[in-house]
>>> print(open('start08.cif').read())   # mmCIF, C-alpha atoms and all ligand atoms
data_query
#
loop_
_atom_site.label_atom_id
_atom_site.label_comp_id
_atom_site.auth_asym_id
_atom_site.auth_seq_id
_atom_site.Cartn_x
_atom_site.Cartn_y
_atom_site.Cartn_z
CA MET T 1497 16.19 -81.78 64.28
CA GLU T 1498 15.12 -83.56 67.47
CA ASN T 1499 15.39 -80.31 69.43
CA LEU T 1500 13.31 -78.47 66.88
CA ILE T 1501 10.61 -81.14 66.84
CA SER T 1502 10.37 -81.36 70.63
CA PHE T 1503 10.30 -77.54 70.95
CA LEU T 1504 7.37 -77.31 68.53
CA LYS T 1505 5.54 -80.26 70.12
CA ASP T 1506 5.85 -78.68 73.58
CA TYR T 1507 4.59 -75.36 72.23
CA ILE T 1508 1.54 -76.97 70.65
CA ARG T 1509 0.81 -79.06 73.77
CA GLU T 1510 1.04 -76.08 76.12
CA LEU T 1511 -1.39 -73.83 74.23
CA PRO T 1512 -4.36 -72.58 76.25
CA GLU T 1513 -7.65 -74.43 75.73
CA GLY T 1514 -9.51 -73.40 72.64
CA LYS T 1515 -6.31 -72.29 70.86
CA LYS T 1516 -5.07 -74.29 67.93
CA VAL T 1517 -2.01 -74.15 65.71
CA SER T 1518 -2.96 -74.41 62.05
CA ALA T 1519 0.45 -73.91 60.44
CA ALA T 1520 4.08 -73.20 61.25
CA ALA T 1521 6.49 -71.08 59.23
CA ILE T 1522 10.16 -71.39 60.12
CA GLY T 1523 12.99 -69.20 58.85
CA PHE T 1524 16.52 -70.51 58.44
CA PRO T 1525 19.77 -68.63 57.80
CA SER T 1526 20.32 -71.11 55.00
CA THR T 1527 19.90 -71.93 51.36
CA ILE T 1528 16.50 -73.56 50.94
CA ASN T 1529 15.71 -75.56 47.81
CA ARG T 1530 13.39 -74.14 45.16
CA ALA T 1531 10.46 -76.34 46.25
CA ARG T 1532 10.91 -74.93 49.77
CA ASP T 1533 10.86 -78.36 51.43
CA THR T 1534 14.54 -78.97 52.19
CA VAL T 1535 17.29 -76.93 53.84
CA MET T 1536 20.22 -77.33 51.47
CA GLN T 1537 23.09 -75.60 53.21
CA SER T 1538 23.45 -73.85 56.58
CA PRO T 1539 26.96 -72.58 57.25
CA ASN T 1540 26.08 -71.77 60.89
CA LEU T 1541 23.60 -74.50 61.86
CA ALA T 1542 24.67 -78.11 62.27
CA GLY T 1543 22.50 -81.11 61.48
CA LEU T 1544 19.98 -79.63 59.06
CA ASP T 1545 21.61 -79.86 55.65
CA ASN T 1546 19.80 -81.94 53.03
CA VAL T 1547 17.11 -83.07 55.49
CA PRO T 1548 13.57 -83.20 54.00
CA LEU T 1549 12.52 -80.90 56.81
CA LYS T 1550 9.03 -79.92 55.68
CA ALA T 1551 7.79 -83.50 55.26
CA MET T 1552 9.40 -84.64 58.51
CA LEU T 1553 7.92 -81.80 60.55
CA GLU T 1554 4.49 -82.12 58.98
CA GLU T 1555 4.42 -85.82 59.83
CA GLU T 1556 5.58 -85.26 63.41
CA LEU T 1557 3.33 -82.29 64.14
CA GLY T 1558 0.26 -82.98 62.01
CA ILE T 1559 0.09 -79.37 60.76
CA LYS T 1560 1.15 -77.52 57.62
CA VAL T 1561 4.81 -76.47 57.82
CA LEU T 1562 6.46 -73.81 55.66
CA ILE T 1563 10.20 -73.28 55.52
CA GLU T 1564 11.81 -70.15 54.11
CA LYS T 1565 14.96 -68.05 54.15
CA ASP T 1566 14.99 -66.06 57.40
CA VAL T 1567 15.42 -62.70 55.62
CA ASN T 1568 12.33 -63.34 53.51
CA LEU T 1569 10.29 -63.63 56.71
CA LEU T 1570 11.95 -60.49 58.08
CA TYR T 1571 10.98 -58.71 54.89
CA CYS T 1572 7.34 -59.91 55.24
CA HIS T 1573 7.27 -58.16 58.61
CA ASP T 1574 8.84 -54.97 57.32
CA ARG T 1575 6.62 -54.66 54.28
CA LYS T 1576 3.55 -54.99 56.51
CA VAL T 1577 4.76 -52.41 59.04
CA LEU T 1578 5.80 -50.02 56.25
CA ASN T 1579 2.59 -50.68 54.36
CA LEU T 1580 4.40 -51.37 51.07
CA SER T 1581 2.62 -52.44 47.91
CA ARG T 1582 2.99 -55.99 46.58
CA LYS T 1583 3.09 -55.04 42.90
CA GLY T 1584 6.39 -55.09 41.05
CA VAL T 1585 9.88 -55.72 42.37
CA HIS T 1586 10.70 -54.88 46.00
CA ILE T 1587 13.93 -55.58 47.83
CA GLY T 1588 15.17 -55.87 51.40
CA ILE T 1589 18.86 -55.86 52.32
CA TYR T 1590 19.84 -56.71 55.89
CA PHE T 1591 23.34 -56.12 57.20
CA GLY T 1592 24.12 -58.55 60.04
CA THR T 1593 27.12 -60.85 60.38
CA GLY T 1594 26.70 -61.39 56.66
CA ILE T 1595 24.33 -59.66 54.25
CA GLY T 1596 20.80 -61.04 53.85
CA ASN T 1597 18.79 -60.25 50.77
CA ALA T 1598 15.06 -60.56 50.08
CA ILE T 1599 13.80 -59.99 46.54
CA PHE T 1600 10.01 -60.04 46.17
CA ILE T 1601 8.26 -59.95 42.82
CA ASP T 1602 4.49 -59.31 42.85
CA GLY T 1603 4.41 -60.30 46.51
CA LYS T 1604 6.38 -63.53 46.21
CA PRO T 1605 10.02 -64.23 47.05
CA LEU T 1606 12.33 -64.83 44.11
CA THR T 1607 13.87 -68.29 44.57
CA GLY T 1608 15.93 -68.88 41.41
CA LYS T 1609 16.76 -72.22 39.80
CA ASP T 1610 18.26 -73.79 42.93
CA GLY T 1611 16.54 -71.69 45.56
CA ALA T 1612 19.75 -69.70 45.90
CA ALA T 1613 18.69 -66.35 44.41
CA GLY T 1614 19.40 -63.15 46.32
CA GLU T 1615 22.91 -63.91 47.56
CA ILE T 1616 24.00 -60.32 47.29
CA GLY T 1617 26.50 -60.82 50.11
CA HIS T 1618 28.50 -62.97 47.74
CA ILE T 1619 28.84 -60.67 44.79
CA PRO T 1620 32.56 -60.49 44.00
CA LEU T 1621 33.87 -57.11 45.23
CA VAL T 1622 37.64 -57.44 45.66
CA PRO T 1623 39.78 -59.58 43.33
CA GLY T 1624 41.75 -62.13 45.38
CA GLY T 1625 40.41 -60.60 48.61
CA LYS T 1626 39.48 -62.07 51.98
CA LEU T 1627 38.34 -65.69 52.13
CA CYS T 1628 34.54 -65.83 52.54
CA GLY T 1629 32.51 -68.48 54.40
CA CYS T 1630 31.18 -69.61 51.00
CA GLY T 1631 34.68 -70.62 49.86
CA ASN T 1632 35.21 -67.79 47.38
CA ARG T 1633 37.48 -64.80 47.88
CA GLY T 1634 36.62 -61.13 48.03
CA CYS T 1635 32.84 -61.46 48.52
CA ALA T 1636 30.98 -58.27 49.44
CA GLU T 1637 30.00 -59.48 52.90
CA CYS T 1638 33.67 -59.74 53.90
CA TYR T 1639 33.85 -55.93 53.44
CA ALA T 1640 30.33 -54.73 54.17
CA GLY T 1641 29.06 -57.22 56.78
CA GLY T 1642 29.42 -57.43 60.56
CA LYS T 1643 32.36 -59.80 60.12
CA TYR T 1644 34.42 -56.86 58.87
CA LEU T 1645 33.55 -54.83 61.97
CA VAL T 1646 34.57 -57.68 64.28
CA GLU T 1647 37.86 -57.92 62.40
CA LEU T 1648 38.34 -54.15 62.76
CA ILE T 1649 37.85 -54.38 66.53
CA ASN T 1650 40.30 -57.28 66.75
CA THR T 1651 43.00 -55.63 64.67
CA LYS T 1652 42.75 -51.86 65.07
CA TYR T 1653 40.58 -51.11 68.10
CA SER T 1654 41.48 -54.02 70.34
CA GLY T 1655 39.62 -54.06 73.66
CA GLU T 1656 36.98 -51.52 72.59
CA PRO T 1657 33.28 -52.51 72.66
CA ILE T 1658 31.96 -53.15 69.17
CA SER T 1659 28.72 -51.34 70.12
CA GLU T 1660 30.72 -48.08 70.28
CA LEU T 1661 32.50 -48.53 66.97
CA PHE T 1662 30.43 -46.05 64.93
CA VAL T 1663 30.16 -43.57 67.79
CA ARG T 1664 33.91 -43.41 68.33
CA HIS T 1665 35.31 -43.96 64.84
CA ALA T 1666 32.75 -42.73 62.30
CA GLU T 1667 35.40 -40.51 60.71
CA SER T 1668 38.07 -43.22 60.35
CA PRO T 1669 38.99 -44.31 56.80
CA GLU T 1670 38.05 -47.92 57.63
CA ILE T 1671 34.50 -47.05 58.69
CA LYS T 1672 34.06 -44.70 55.72
CA GLU T 1673 35.18 -47.50 53.42
CA PHE T 1674 32.80 -49.92 55.14
CA VAL T 1675 29.86 -47.58 54.51
CA GLU T 1676 31.01 -47.04 50.91
CA ASN T 1677 31.12 -50.81 50.38
CA ALA T 1678 27.66 -51.29 51.93
CA ALA T 1679 26.33 -48.58 49.60
CA ARG T 1680 27.87 -50.30 46.57
CA VAL T 1681 26.17 -53.55 47.49
CA VAL T 1682 22.78 -51.84 47.72
CA ALA T 1683 23.35 -49.79 44.55
CA THR T 1684 24.34 -52.93 42.63
CA GLU T 1685 20.94 -54.44 43.26
CA ILE T 1686 19.18 -51.13 42.65
CA ASN T 1687 20.87 -50.69 39.26
CA LEU T 1688 20.09 -54.29 38.36
CA LEU T 1689 16.44 -54.44 39.40
CA ASN T 1690 15.16 -50.84 39.51
CA PRO T 1691 12.99 -51.83 42.50
CA GLU T 1692 9.78 -50.06 43.55
CA THR T 1693 11.03 -49.85 47.14
CA ILE T 1694 14.16 -50.67 49.10
CA VAL T 1695 14.11 -51.73 52.76
CA LEU T 1696 17.43 -51.58 54.61
CA GLY T 1697 17.96 -53.07 58.04
CA GLY T 1698 19.78 -55.59 60.18
CA GLY T 1699 21.86 -55.37 63.33
CA VAL T 1700 24.71 -53.34 61.80
CA LEU T 1701 22.48 -50.53 60.53
CA ASN T 1702 20.81 -50.37 63.93
CA MET T 1703 24.08 -50.02 65.86
CA LYS T 1704 24.52 -46.84 67.89
CA GLY T 1705 25.86 -44.01 65.74
CA PHE T 1706 25.56 -45.81 62.39
CA PRO T 1707 25.80 -43.10 59.71
CA THR T 1708 22.45 -43.73 58.02
CA LYS T 1709 22.47 -40.41 56.15
CA LEU T 1710 25.94 -41.03 54.75
CA LEU T 1711 24.88 -44.51 53.61
CA GLU T 1712 21.84 -43.12 51.79
CA GLU T 1713 23.95 -40.39 50.21
CA LYS T 1714 26.47 -42.93 48.95
CA ILE T 1715 23.72 -45.23 47.65
CA ARG T 1716 22.37 -42.30 45.65
CA ASN T 1717 25.87 -41.49 44.38
CA CYS T 1718 26.33 -45.05 43.08
CA SER T 1719 22.84 -45.40 41.61
CA ARG T 1720 22.52 -44.77 37.90
CA LYS T 1721 21.26 -41.30 36.83
CA PRO T 1722 18.68 -40.14 36.18
CA TYR T 1723 16.86 -43.44 36.85
CA PRO T 1724 16.67 -45.42 39.06
CA GLU T 1725 18.31 -42.74 41.25
CA GLU T 1726 15.59 -40.11 40.90
CA SER T 1727 12.75 -42.35 42.00
CA LEU T 1728 14.48 -44.23 44.83
CA GLU T 1729 12.22 -45.05 47.77
CA ILE T 1730 14.46 -46.13 50.63
CA TYR T 1731 13.10 -47.25 54.01
CA PHE T 1732 15.06 -48.16 57.12
CA SER T 1733 13.69 -50.92 59.34
CA LYS T 1734 14.07 -51.11 63.09
CA ASP T 1735 15.84 -54.22 64.30
CA GLU T 1736 13.55 -55.84 66.88
CA VAL T 1737 14.10 -59.40 67.97
CA GLU T 1738 10.46 -60.37 67.24
CA ASN T 1739 10.49 -59.14 63.61
CA GLY T 1740 11.32 -62.51 62.10
CA VAL T 1741 8.64 -64.28 64.12
CA ARG T 1742 6.03 -61.67 63.24
CA GLY T 1743 7.00 -61.99 59.58
CA ALA T 1744 6.68 -65.78 59.84
CA VAL T 1745 3.10 -65.36 61.09
CA GLU T 1746 2.27 -63.15 58.09
CA TYR T 1747 3.89 -65.60 55.71
CA ALA T 1748 2.02 -68.61 57.19
CA ARG T 1749 -1.29 -66.73 57.32
CA GLU T 1750 -1.09 -65.96 53.61
CA ARG T 1751 -0.36 -69.55 52.71
CA SER T 1752 -2.67 -71.58 54.93
ZN ZN R 1801 30.99 -65.55 49.71
#
>>> encode(input="start08.cif", output="structure tokens", more="lines below")
Ligand SMILES: [Zn+2]
Amino acid sequence: MENLISFLKDYIRELPEGKKVSAAAIGFPSTINRARDTVMQSPNLAGLDNVPLKAMLEEELGIKVLIEKDVNLLYCHDRKVLNLSRKGVHIGIYFGTGIGNAIFIDGKPLTGKDGAAGEIGHIPLVPGGKLCGCGNRGCAECYAGGKYLVELINTKYSGEPISELFVRHAESPEIKEFVENAARVVATEINLLNPETIVLGGGVLNMKGFPTKLLEEKIRNCSRKPYPEESLEIYFSKDEVENGVRGAVEYARERS
């Protein structure tokens, strides 16, 4: 918390003359409460859980502060770049270490009762399967997230660079199964929500040689016929390091 506060204070202090910060939007790889003022649970970030972050930052910085799930900010960037409509249900699914999921309804992120909606990475896929970071077994992200690829390198392709995994082993049964599992995750949400548009992205999908066509084909195979399959609008987003920050700007601009 102290690091975050001092980083933001330095940024504000060092702005050129005449420039002013009016709001800050910050994305966390965490569960955020429904009121969007407290980070509830961050498996990979220490020291933030259950801290009333919004109020603390607003008091320290004297500006409006918005906190949100990082993938929702990523999605705000993608929907702007792709010029997607706000009406209806739109989804974004991002395959990184885990699987991030943004669900937007009429332009706003779906939060759910506890702020924990859109945890598609934790849909149960394999009975009694691998132990997930969430404590359950067999969650989808253990089989369709980057974690699975790291495990594959460590067990089957020891010593090989992970960046070459799809280039060298696209035809292996393990990679085919990985793509099949990723497609099932996406199709699950498609069949549940019949979304207007689907944005797919994240580090895994942007790895060299990732079989994008095969993924789309398998998503179509698993989507219910004739609808929603016939009207699917699938977009692939490019994974640039600034996307989340650009999305945060959009998010803050709309709310301040
Ligand atoms: Zn899980």
>>> residues_around(input="start08.cif", residues="Gly1558 of chain T", least_positions_apart="4", cutoff="10 Å", atoms="all atoms listed in the file", output="PyMOL selection string")
chain T and resi 1517-1519+1552-1554
>>> closest_atom_pairs(input="start08.cif", of="chain T", to="ligand ZN 1801 (chain R)", cutoff="12 Å", atoms="only C-alpha atoms and all ligand atoms", output="Markdown table")
| residue | atom | partner | partner_atom | distance |
| --- | --- | --- | --- | --- |
| T:Pro1539 | CA | R:ZN1801 | ZN | 11.1 |
| T:Gly1594 | CA | R:ZN1801 | ZN | 9.2 |
| T:Ile1595 | CA | R:ZN1801 | ZN | 10.0 |
| T:Gly1596 | CA | R:ZN1801 | ZN | 11.9 |
| T:Glu1615 | CA | R:ZN1801 | ZN | 8.5 |
| T:Ile1616 | CA | R:ZN1801 | ZN | 9.1 |
| T:Gly1617 | CA | R:ZN1801 | ZN | 6.5 |
| T:His1618 | CA | R:ZN1801 | ZN | 4.1 |
| T:Ile1619 | CA | R:ZN1801 | ZN | 7.3 |
| T:Pro1620 | CA | R:ZN1801 | ZN | 7.8 |
| T:Leu1621 | CA | R:ZN1801 | ZN | 10.0 |
| T:Val1622 | CA | R:ZN1801 | ZN | 11.2 |
| T:Gly1625 | CA | R:ZN1801 | ZN | 10.7 |
| T:Lys1626 | CA | R:ZN1801 | ZN | 9.5 |
| T:Leu1627 | CA | R:ZN1801 | ZN | 7.7 |
| T:Cys1628 | CA | R:ZN1801 | ZN | 4.5 |
| T:Gly1629 | CA | R:ZN1801 | ZN | 5.7 |
| T:Cys1630 | CA | R:ZN1801 | ZN | 4.3 |
| T:Gly1631 | CA | R:ZN1801 | ZN | 6.3 |
| T:Asn1632 | CA | R:ZN1801 | ZN | 5.3 |
| T:Arg1633 | CA | R:ZN1801 | ZN | 6.8 |
| T:Gly1634 | CA | R:ZN1801 | ZN | 7.4 |
| T:Cys1635 | CA | R:ZN1801 | ZN | 4.6 |
| T:Ala1636 | CA | R:ZN1801 | ZN | 7.3 |
| T:Glu1637 | CA | R:ZN1801 | ZN | 6.9 |
| T:Cys1638 | CA | R:ZN1801 | ZN | 7.6 |
| T:Tyr1639 | CA | R:ZN1801 | ZN | 10.7 |
| T:Ala1640 | CA | R:ZN1801 | ZN | 11.7 |
| T:Gly1641 | CA | R:ZN1801 | ZN | 11.1 |
| T:Lys1643 | CA | R:ZN1801 | ZN | 12.0 |
>>> residues_near_point(input="start08.cif", point="(11.6, -51.2, 46.8)", cutoff="8 Å", atoms="only C-alpha atoms", output="list in words")
Val1585, His1586, Ile1587, Gly1588, Pro1691, Glu1692, Thr1693, Ile1694, Val1695, Leu1728, Glu1729 and Ile1730 of chain T
>>> write_last_selection(input="start08.cif", atoms="C-alpha atoms", output="short mmCIF file (atom, residue, chain, number, x, y, z; two decimals), in the frame of the given file")
data_model
loop_
_atom_site.label_atom_id
_atom_site.label_comp_id
_atom_site.auth_asym_id
_atom_site.auth_seq_id
_atom_site.Cartn_x
_atom_site.Cartn_y
_atom_site.Cartn_z
CA VAL T 1585 9.88 -55.72 42.37
CA HIS T 1586 10.70 -54.88 46.00
CA ILE T 1587 13.93 -55.58 47.83
CA GLY T 1588 15.17 -55.87 51.40
CA PRO T 1691 12.99 -51.83 42.50
CA GLU T 1692 9.78 -50.06 43.55
CA THR T 1693 11.03 -49.85 47.14
CA ILE T 1694 14.16 -50.67 49.10
CA VAL T 1695 14.11 -51.73 52.76
CA LEU T 1728 14.48 -44.23 44.83
CA GLU T 1729 12.22 -45.05 47.77
CA ILE T 1730 14.46 -46.13 50.63
#
>>> atom_distance(input="start08.cif", atom1="atom CA of Arg1716 of chain T", atom2="atom CA of Glu1673 of chain T")
15.9 Å
>>> atom_distance(input="start08.cif", atom1="atom CA of Asn1690 of chain T", atom2="atom CA of Leu1578 of chain T")
19.2 Å
>>> residues_around(input="start08.cif", residues="Glu1746 of chain T", least_positions_apart="4", cutoff="7 Å", atoms="all atoms listed in the file", output="MDAnalysis selection string")
chainID T and resid 1572 1742 1750
>>> atom_distance(input="start08.cif", atom1="atom CA of Pro1623 of chain T", atom2="atom CA of Ile1528 of chain T")
28.2 Å
>>> residues_around(input="start08.cif", residues="Ile1522 of chain T", least_positions_apart="6", cutoff="7 Å", atoms="all atoms listed in the file", output="count of residues only")
4
>>> closest_residue(input="start08.cif", among="T:Glu1670, T:Asn1529, T:Thr1607, T:Ser1727", to="Thr1651 of chain T", atoms="all atoms listed in the file")
T:Glu1670
>>> closest_residue(input="start08.cif", among="T:Ser1502, T:Gly1697, T:Ala1612, T:Lys1583", to="Phe1600 of chain T", atoms="only C-alpha atoms")
T:Lys1583
